[in-house]
2 protein chains.
Amino acid sequence: MKYGLSLALLLAIQSLTAQTDAEMLDRIHKTALTQGHCYQWLDDLSNKVGARLSGSEGAAKGVKYTQEQLNQLGLDKVYLQEVMVPKWERGEKEVAYLNLGKKRLDLSICALGMSVATPKNGLEAQVIEVKSLDELKALGADKVKGKIIFFNRPMDPEQIETFRAYGGCVDQRSSGAREAGKLGAVGVIVRSMNLRLDDLPHTGMTNYGDTPENQRIPAAAVSTLDANALSDALKTNPNATLFFRQTCVNKGEVLSYNVIGEITGTEFPNQIMVVGGHLDSWDLGDGSHDDGAGCVQSMEVLELFKKIGYKPKHTIRAVLFMNEENGVKGGLQYEAEVQRKGEQHVFALESDAGGFAPRGFSFEIDDANFGQVGLWKPLFEPYLIHLFRKGHSGVDIGPLKSPKIVKAGLQPDSQRYFDHHHAANDTFDAVNKRELELGAAAMTSLIYLFDKYGIL
Amino acid sequence: MKYGLSLALLLAIQSLTAQTDAEMLDRIHKTALTQGHCYQWLDDLSNKVGARLSGSEGAAKGVKYTQEQLNQLGLDKVYLQEVMVPKWERGEKEVAYLNLGKKRLDLSICALGMSVATPKNGLEAQVIEVKSLDELKALGADKVKGKIIFFNRPMDPEQIETFRAYGGCVDQRSSGAREAGKLGAVGVIVRSMNLRLDDLPHTGMTNYGDTPENQRIPAAAVSTLDANALSDALKTNPNATLFFRQTCVNKGEVLSYNVIGEITGTEFPNQIMVVGGHLDSWDLGDGSHDDGAGCVQSMEVLELFKKIGYKPKHTIRAVLFMNEENGVKGGLQYEAEVQRKGEQHVFALESDAGGFAPRGFSFEIDDANFGQVGLWKPLFEPYLIHLFRKGHSGVDIGPLKSPKIVKAGLQPDSQRYFDHHHAANDTFDAVNKRELELGAAAMTSLIYLFDKYGIL
């Protein structure tokens, strides 16, 4: 009953100020589309800084660049937060082919992130194609021992939302090498997580779990076109051997940083609302969509509040997390610091699904607050934002554990995302200026509303 | 009262079959995403046929190719409909520069569609920059006579929906030459209708109205970056002269065709539901988004009905209209034939806003039918389609005049559309396979529902 009444009361109060809110969202959007800097920042981050794999020179440059830019926004605080991150390097360009005796079928591959190298001169073995971890396990150690396992289950094209298709087959990439290694395989080749047929291999982390270093087997991704070609060739040449060579190396942990900027709240300075993305990227492209976009949009939230002169009641903090891709050390360290300092986080919003046109948000949220969000839906309709639903928020804000915290993730249009994800074509030219800006405006609008009306 | 009751009755009936409808939309979408041919057709139309300006060899090839493809779908009828269309040719690559004495500011221009040529050796005159037709008229003949008018009002970046920004400044392109000519100007340069800053000029039709041939002045579009550069240069060099040369020519009318394929209705064969796009394009790119996409999506509607074995009650007719870009002769001829044959058209759907991810539909519709559409909204939500509103449907179906006809236009995401519209980068690589297929599936779903429940 109390819940019902408080929602009714909220509705009454909020309808009184709906006009103001609509005007504020209008200002936020117009300012983003005409005075925002997120596209210029992304251009710099992509084309001047470049790829930002954790522990790399690019990542260090990314830290420096974003800190410098935040320093120019007139914020109340800009600082770095130390975090130890893995330093994994790809090494030389990978080589792979199916050895068909008189001829070779060359394969476009890339080492999976955190993979071990092959022996210096490469490795060659017979190949077994499987579609799933279950199929691998059913084969058993006798059949797997000494072989290269080729995981070839495609992303499901029937899924309307591409993240579901990704979720439905990424276990091959994340766990394939670990599970195949347990059964005595000598290497793993994984079909790229890509709905499109093309020549680009898509990297991404493979997770060996607690497998001892000397028992880890090398793992690579193969392009979707070459996965099909390999599968076809194996049908007529089931005993052909596959050669691959990669020289990637894990160099242990090095010091890096989360980059943080904030506007101190006027009424509740100790209640923090976080907006973030991750500053690290994979090394093949320049990480424009994943997740340069989320970083510059988070910076844009602060810039927009400054530009329109909105003084938030709560402290609004942009966090550019390091190391989402291969360890989430930045997210874990951030929460460790929250705990150490006894900070109170009430809201967190992450943008890590590409810089495409915003469609809405997914929330980790209780029913009362979700009811409040429902009241705001009409405010977003002029911006063609319709999705407000419960679901995953973001990997970097995942570790946040403050009581009653509401978490949200920006949901951009997802159809093109996996064409670029973790591949060499995740580059600046694939990002549209207005789509990026509209995402930043949607994020700013949501934070404005949570800041104004508070968390229930 | 009757209206209220019939809607309530409809709701009751339709809720009984909602499960079936949801399953049908699911089948339509899954089939489009896994078995559709629209992307392959567009690849052929863009990369084998190429640009399809009315009256050109490309347009003739486009007619032949699409007729051949329709012939392979097992339809009840495939035929061509004769239509006379203008044959305008661009001629040699256009040249333009601002003459600054010792140096030149080169300008990237293209002749506007249907423009006359400059004199053979080009023309050179002082330039007056204006932001609107009103500003031009306020100058008056004294100041305009002998000058080149530079229309430089940009598309409004504050508009969320880019078609509104286009609508807000396209009068400069469509009417600029006619109005400037009346005041004695010798030529017109128009800022490209493009929200992005780049080097590409965007063509599009200019309309001289009833201005006699020998009084028409040449008109060209200039890229957005060069429009800015020209404007800047004129501030410090107000008396500088602009040179431009174009050799475009209007060769009169030639025979062309609308391409038509249809499935005869099982219950109401004489009640026709049209789905269409336009087969002609501008000549600078290959017309992938404008409007190859709409053509192959319309063909896909028929293919999907065949593939899933749905036998429509009404006759479903795909029409690939010729000459939308510079005359709408195909749309006008189609309606003339409808009148001549006494055909009854009950529904028409056009896709001519690009092959981007579908967001919904805009309708020219009465309240009763719009109420019915409202009942279907939940069926589209799993496909992230939320926009159902009244508004413009399509240029080619504009002439259709059957009593009580409902017209609709597919509304894809519009943010990237004007980056490519009428420019050299309207090419196949700018179209995403899944986005194109999802648009075709949305169109098929809407037609399925109108076919099943009928027009009220």
# chains A, B, ... in the order shown; residues from 1 in each chain; ligands from 1

call {"tool": "interface_residues", "arguments": {"of": "chain A", "to": "chain B", "cutoff": "9 Å", "atoms": "only C-alpha atoms", "output": "ChimeraX atom specification"}}
result
/A:29-34,157-161,195-196,357,359,382-384,386-387,413,415-416,432-435,438

call {"tool": "residues_around", "arguments": {"residues": "Asn425 (chain A)", "least_positions_apart": "6", "cutoff": "10 Å", "atoms": "only C-alpha atoms", "output": "number ranges by chain"}}
result
A: 200, 202, 284-289, 419

call {"tool": "closest_residue", "arguments": {"among": "A:Ile316, A:Glu179, A:Val116, A:Gly101", "to": "Glu135 (chain A)", "atoms": "only C-alpha atoms"}}
result
A:Glu179

call {"tool": "residues_around", "arguments": {"residues": "Lys313 (chain B)", "least_positions_apart": "3", "cutoff": "12 Å", "atoms": "only C-alpha atoms", "output": "short mmCIF file (atom, residue, chain, number, x, y, z; two decimals) with C-alpha atoms, in the first residue's frame"}}
result
data_model
loop_
_atom_site.label_atom_id
_atom_site.label_comp_id
_atom_site.auth_asym_id
_atom_site.auth_seq_id
_atom_site.Cartn_x
_atom_site.Cartn_y
_atom_site.Cartn_z
CA ILE B 263 0.47 -12.65 -55.55
CA THR B 264 -3.23 -12.84 -56.37
CA GLY B 265 -5.50 -12.65 -53.34
CA THR B 266 -7.50 -15.75 -52.38
CA GLU B 267 -10.59 -13.91 -51.13
CA PHE B 268 -10.36 -10.40 -52.48
CA PRO B 269 -8.28 -10.61 -55.65
CA ASN B 270 -9.58 -7.24 -56.82
CA GLN B 271 -8.54 -5.48 -53.64
CA ILE B 272 -4.91 -4.56 -54.05
CA MET B 273 -2.27 -3.93 -51.42
CA PHE B 305 4.93 -14.82 -48.11
CA TYR B 310 1.10 -17.59 -46.46
CA ILE B 316 -0.25 -8.21 -52.75
CA ILE B 447 1.01 -6.20 -44.66
CA TYR B 448 0.19 -9.58 -43.13
CA LEU B 449 -1.87 -7.86 -40.45
CA PHE B 450 -3.70 -5.55 -42.85
CA ASP B 451 -4.33 -8.51 -45.16
CA LYS B 452 -5.66 -10.65 -42.34
CA TYR B 453 -7.85 -8.08 -40.61
CA GLY B 454 -8.64 -5.91 -43.60
#

call {"tool": "select_by_dssp", "arguments": {"residues": "region 251-329 of chain A", "states": "strand (DSSP E)", "output": "ChimeraX atom specification"}}
result
/A:251-263,268-278,314-321

call {"tool": "atom_distance", "arguments": {"atom1": "CA of Gly176 (chain A)", "atom2": "CA of Asp134 (chain A)"}}
result
10.5 Å

call {"tool": "residues_around", "arguments": {"residues": "Pro119 (chain A)", "least_positions_apart": "3", "cutoff": "10 Å", "atoms": "only C-alpha atoms", "output": "JSON, numbers by chain"}}
result
{"A": [116, 122, 123, 218, 244, 245, 246, 247]}

call {"tool": "write_last_selection", "arguments": {"atoms": "C-alpha atoms", "output": "PDB file, in the first residue's frame"}}
result
ATOM      1  CA  VAL A 116      49.560 -18.551 -24.580  1.00  0.00           C
ATOM      2  CA  GLY A 122      54.073 -23.242 -34.578  1.00  0.00           C
ATOM      3  CA  LEU A 123      52.091 -26.387 -34.018  1.00  0.00           C
ATOM      4  CA  PRO A 218      47.006 -21.752 -27.411  1.00  0.00           C
ATOM      5  CA  PHE A 244      49.072 -22.268 -36.578  1.00  0.00           C
ATOM      6  CA  ARG A 245      51.638 -20.059 -35.015  1.00  0.00           C
ATOM      7  CA  GLN A 246      51.256 -17.192 -32.576  1.00  0.00           C
ATOM      8  CA  THR A 247      53.833 -15.534 -30.366  1.00  0.00           C
TER       9      THR A 247
END

call {"tool": "residues_around", "arguments": {"residues": "region 225-241 of chain B", "least_positions_apart": "6", "cutoff": "7 Å", "atoms": "only C-alpha atoms", "output": "PyMOL selection string"}}
result
chain B and resi 98-100+107-108+124-127+152+191+197-199

call {"tool": "closest_residue", "arguments": {"among": "A:Leu70, A:Ala423, A:Val338, A:Leu446", "to": "Trp376 (chain A)", "atoms": "only C-alpha atoms"}}
result
A:Leu446

call {"tool": "select_by_dssp", "arguments": {"residues": "region 211-271 of chain A", "states": "alpha helix (DSSP H)", "output": "ChimeraX atom specification"}}
result
/A:224-236

call {"tool": "atom_distance", "arguments": {"atom1": "CA of Gly167 (chain B)", "atom2": "CA of Ala441 (chain A)"}}
result
23.7 Å

call {"tool": "closest_residue", "arguments": {"among": "B:Val95, B:Ile149, B:Val319, B:Ala22", "to": "Lys137 (chain B)", "atoms": "only C-alpha atoms"}}
result
B:Ile149

call {"tool": "closest_atom_pairs", "arguments": {"of": "region 221-300 of chain B", "to": "region 39-49 of chain B", "cutoff": "12 Å", "atoms": "only C-alpha atoms", "output": "Markdown table"}}
result
| residue | atom | partner | partner_atom | distance |
| --- | --- | --- | --- | --- |
| B:Leu279 | CA | B:Leu45 | CA | 9.4 |
| B:Asp280 | CA | B:Leu45 | CA | 10.9 |
| B:Ser281 | CA | B:Ser46 | CA | 10.4 |
| B:Asp283 | CA | B:Ser46 | CA | 11.5 |
| B:Leu284 | CA | B:Ser46 | CA | 11.9 |
| B:Gly285 | CA | B:Ser46 | CA | 8.8 |
| B:Asp286 | CA | B:Ser46 | CA | 5.2 |
| B:Gly287 | CA | B:Ser46 | CA | 6.8 |
| B:Ser288 | CA | B:Ser46 | CA | 5.9 |
| B:His289 | CA | B:Leu42 | CA | 9.4 |
| B:Asp290 | CA | B:Ser46 | CA | 10.7 |
| B:Asp291 | CA | B:Leu42 | CA | 9.9 |
| B:Gly292 | CA | B:Leu42 | CA | 6.3 |
| B:Ala293 | CA | B:Leu42 | CA | 6.7 |
| B:Gly294 | CA | B:Leu42 | CA | 9.6 |
| B:Cys295 | CA | B:Leu42 | CA | 8.5 |
| B:Val296 | CA | B:Leu42 | CA | 6.3 |
| B:Gln297 | CA | B:Tyr39 | CA | 8.8 |
| B:Ser298 | CA | B:Trp41 | CA | 11.3 |
| B:Met299 | CA | B:Trp41 | CA | 9.2 |
| B:Glu300 | CA | B:Trp41 | CA | 9.5 |

call {"tool": "residues_around", "arguments": {"residues": "Ala59 (chain B)", "least_positions_apart": "5", "cutoff": "10 Å", "atoms": "only C-alpha atoms", "output": "number ranges by chain"}}
result
B: 49-54, 64-65, 256-257, 279-281, 322-323

call {"tool": "residues_around", "arguments": {"residues": "region 333-336 of chain B", "least_positions_apart": "2", "cutoff": "9 Å", "atoms": "only C-alpha atoms", "output": "list in words"}}
result
Gln81, Glu82, Val83, Met84, Asn258, Val319, Phe321, Val328, Lys329, Gly330, Gly331, Val338, Gln339, Arg340, Lys341, Asp396, Ile397, Pro399, Leu400 and Lys401 of chain B

call {"tool": "atom_distance", "arguments": {"atom1": "CA of Ile109 (chain A)", "atom2": "CA of Ile189 (chain A)"}}
result
8.3 Å

call {"tool": "closest_residue", "arguments": {"among": "B:Cys169, B:Ala318, B:Ile405, B:Ile308", "to": "Met24 (chain B)", "atoms": "only C-alpha atoms"}}
result
B:Ile308

call {"tool": "closest_residue", "arguments": {"among": "B:Thr206, B:Thr444, B:Gln67, B:Gln172", "to": "Val190 (chain B)", "atoms": "only C-alpha atoms"}}
result
B:Gln172

call {"tool": "decode", "arguments": {"residues": "region 127-141 of chain B", "atoms": "all heavy atoms", "output": "CSV table (one decimal), in the first residue's frame"}}
result
chain,number,residue,atom,x,y,z
B,127,VAL,N,29.5,36.7,-56.0
B,127,VAL,CA,28.6,35.8,-55.3
B,127,VAL,C,27.9,36.5,-54.2
B,127,VAL,O,28.5,37.3,-53.5
B,127,VAL,CB,29.5,34.7,-54.6
B,127,VAL,CG1,28.6,33.6,-54.1
B,127,VAL,CG2,30.5,34.1,-55.6
B,128,ILE,N,26.7,36.2,-54.0
B,128,ILE,CA,25.9,36.7,-52.8
B,128,ILE,C,25.5,35.5,-52.0
B,128,ILE,O,24.8,34.7,-52.5
B,128,ILE,CB,24.7,37.6,-53.2
B,128,ILE,CG1,25.2,38.8,-54.1
B,128,ILE,CG2,24.0,38.1,-52.0
B,128,ILE,CD1,24.0,39.6,-54.5
B,129,GLU,N,25.9,35.5,-50.7
B,129,GLU,CA,25.4,34.4,-49.9
B,129,GLU,C,24.1,34.8,-49.2
B,129,GLU,O,24.0,35.9,-48.6
B,129,GLU,CB,26.5,34.1,-48.8
B,129,GLU,CG,26.1,33.1,-47.8
B,129,GLU,CD,27.1,32.7,-46.7
B,129,GLU,OE1,28.3,33.0,-47.0
B,129,GLU,OE2,26.7,32.2,-45.7
B,130,VAL,N,23.2,33.9,-49.2
B,130,VAL,CA,21.9,34.1,-48.5
B,130,VAL,C,21.6,32.8,-47.7
B,130,VAL,O,22.1,31.7,-48.0
B,130,VAL,CB,20.7,34.4,-49.5
B,130,VAL,CG1,21.0,35.7,-50.2
B,130,VAL,CG2,20.5,33.3,-50.4
B,131,LYS,N,20.7,32.9,-46.8
B,131,LYS,CA,20.3,31.8,-45.9
B,131,LYS,C,18.9,31.3,-46.3
B,131,LYS,O,18.5,30.3,-45.7
B,131,LYS,CB,20.4,32.2,-44.5
B,131,LYS,CG,21.9,32.3,-44.0
B,131,LYS,CD,22.6,31.0,-43.8
B,131,LYS,CE,24.1,31.1,-43.6
B,131,LYS,NZ,24.5,31.9,-42.5
B,132,SER,N,18.2,32.0,-47.1
B,132,SER,CA,16.8,31.6,-47.4
B,132,SER,C,16.3,32.3,-48.6
B,132,SER,O,16.9,33.3,-49.1
B,132,SER,CB,15.9,32.0,-46.2
B,132,SER,OG,15.9,33.4,-46.1
B,133,LEU,N,15.2,31.7,-49.1
B,133,LEU,CA,14.5,32.3,-50.3
B,133,LEU,C,14.0,33.7,-49.9
B,133,LEU,O,14.0,34.6,-50.7
B,133,LEU,CB,13.4,31.4,-50.7
B,133,LEU,CG,13.8,30.0,-51.3
B,133,LEU,CD1,12.6,29.1,-51.5
B,133,LEU,CD2,14.5,30.2,-52.6
B,134,ASP,N,13.6,33.9,-48.7
B,134,ASP,CA,13.1,35.2,-48.2
B,134,ASP,C,14.2,36.2,-48.3
B,134,ASP,O,14.0,37.3,-48.7
B,134,ASP,CB,12.5,35.1,-46.8
B,134,ASP,CG,11.2,34.4,-46.8
B,134,ASP,OD1,10.5,34.3,-47.8
B,134,ASP,OD2,10.7,34.0,-45.7
B,135,GLU,N,15.4,35.8,-47.8
B,135,GLU,CA,16.5,36.7,-47.9
B,135,GLU,C,16.9,37.1,-49.3
B,135,GLU,O,17.2,38.2,-49.6
B,135,GLU,CB,17.7,36.0,-47.2
B,135,GLU,CG,18.8,37.0,-46.8
B,135,GLU,CD,20.0,36.3,-46.1
B,135,GLU,OE1,19.7,35.3,-45.4
B,135,GLU,OE2,21.1,36.8,-46.2
B,136,LEU,N,16.8,36.1,-50.2
B,136,LEU,CA,17.0,36.4,-51.6
B,136,LEU,C,16.0,37.4,-52.1
B,136,LEU,O,16.4,38.4,-52.7
B,136,LEU,CB,16.9,35.1,-52.4
B,136,LEU,CG,16.8,35.3,-53.9
B,136,LEU,CD1,18.2,35.5,-54.5
B,136,LEU,CD2,16.1,34.1,-54.6
B,137,LYS,N,14.7,37.2,-51.8
B,137,LYS,CA,13.7,38.1,-52.3
B,137,LYS,C,13.9,39.5,-51.8
B,137,LYS,O,13.6,40.5,-52.4
B,137,LYS,CB,12.3,37.5,-52.0
B,137,LYS,CG,12.0,36.3,-52.9
B,137,LYS,CD,10.8,35.6,-52.4
B,137,LYS,CE,10.6,34.2,-53.2
B,137,LYS,NZ,9.6,33.3,-52.6
B,138,ALA,N,14.3,39.6,-50.5
B,138,ALA,CA,14.5,40.9,-49.9
B,138,ALA,C,15.6,41.7,-50.6
B,138,ALA,O,15.6,42.9,-50.6
B,138,ALA,CB,14.8,40.7,-48.4
B,139,LEU,N,16.6,41.0,-51.1
B,139,LEU,CA,17.7,41.6,-51.8
B,139,LEU,C,17.1,42.4,-53.1
B,139,LEU,O,17.6,43.5,-53.4
B,139,LEU,CB,18.7,40.6,-52.3
B,139,LEU,CG,19.6,40.1,-51.2
B,139,LEU,CD1,20.5,39.0,-51.8
B,139,LEU,CD2,20.5,41.2,-50.6
B,140,GLY,N,16.2,41.7,-53.8
B,140,GLY,CA,15.6,42.3,-54.9
B,140,GLY,C,16.5,42.2,-56.2
B,140,GLY,O,17.7,41.9,-56.1
B,141,ALA,N,15.9,42.5,-57.3
B,141,ALA,CA,16.5,42.3,-58.6
B,141,ALA,C,17.8,43.2,-58.8
B,141,ALA,O,18.8,42.7,-59.4
B,141,ALA,CB,15.5,42.6,-59.7
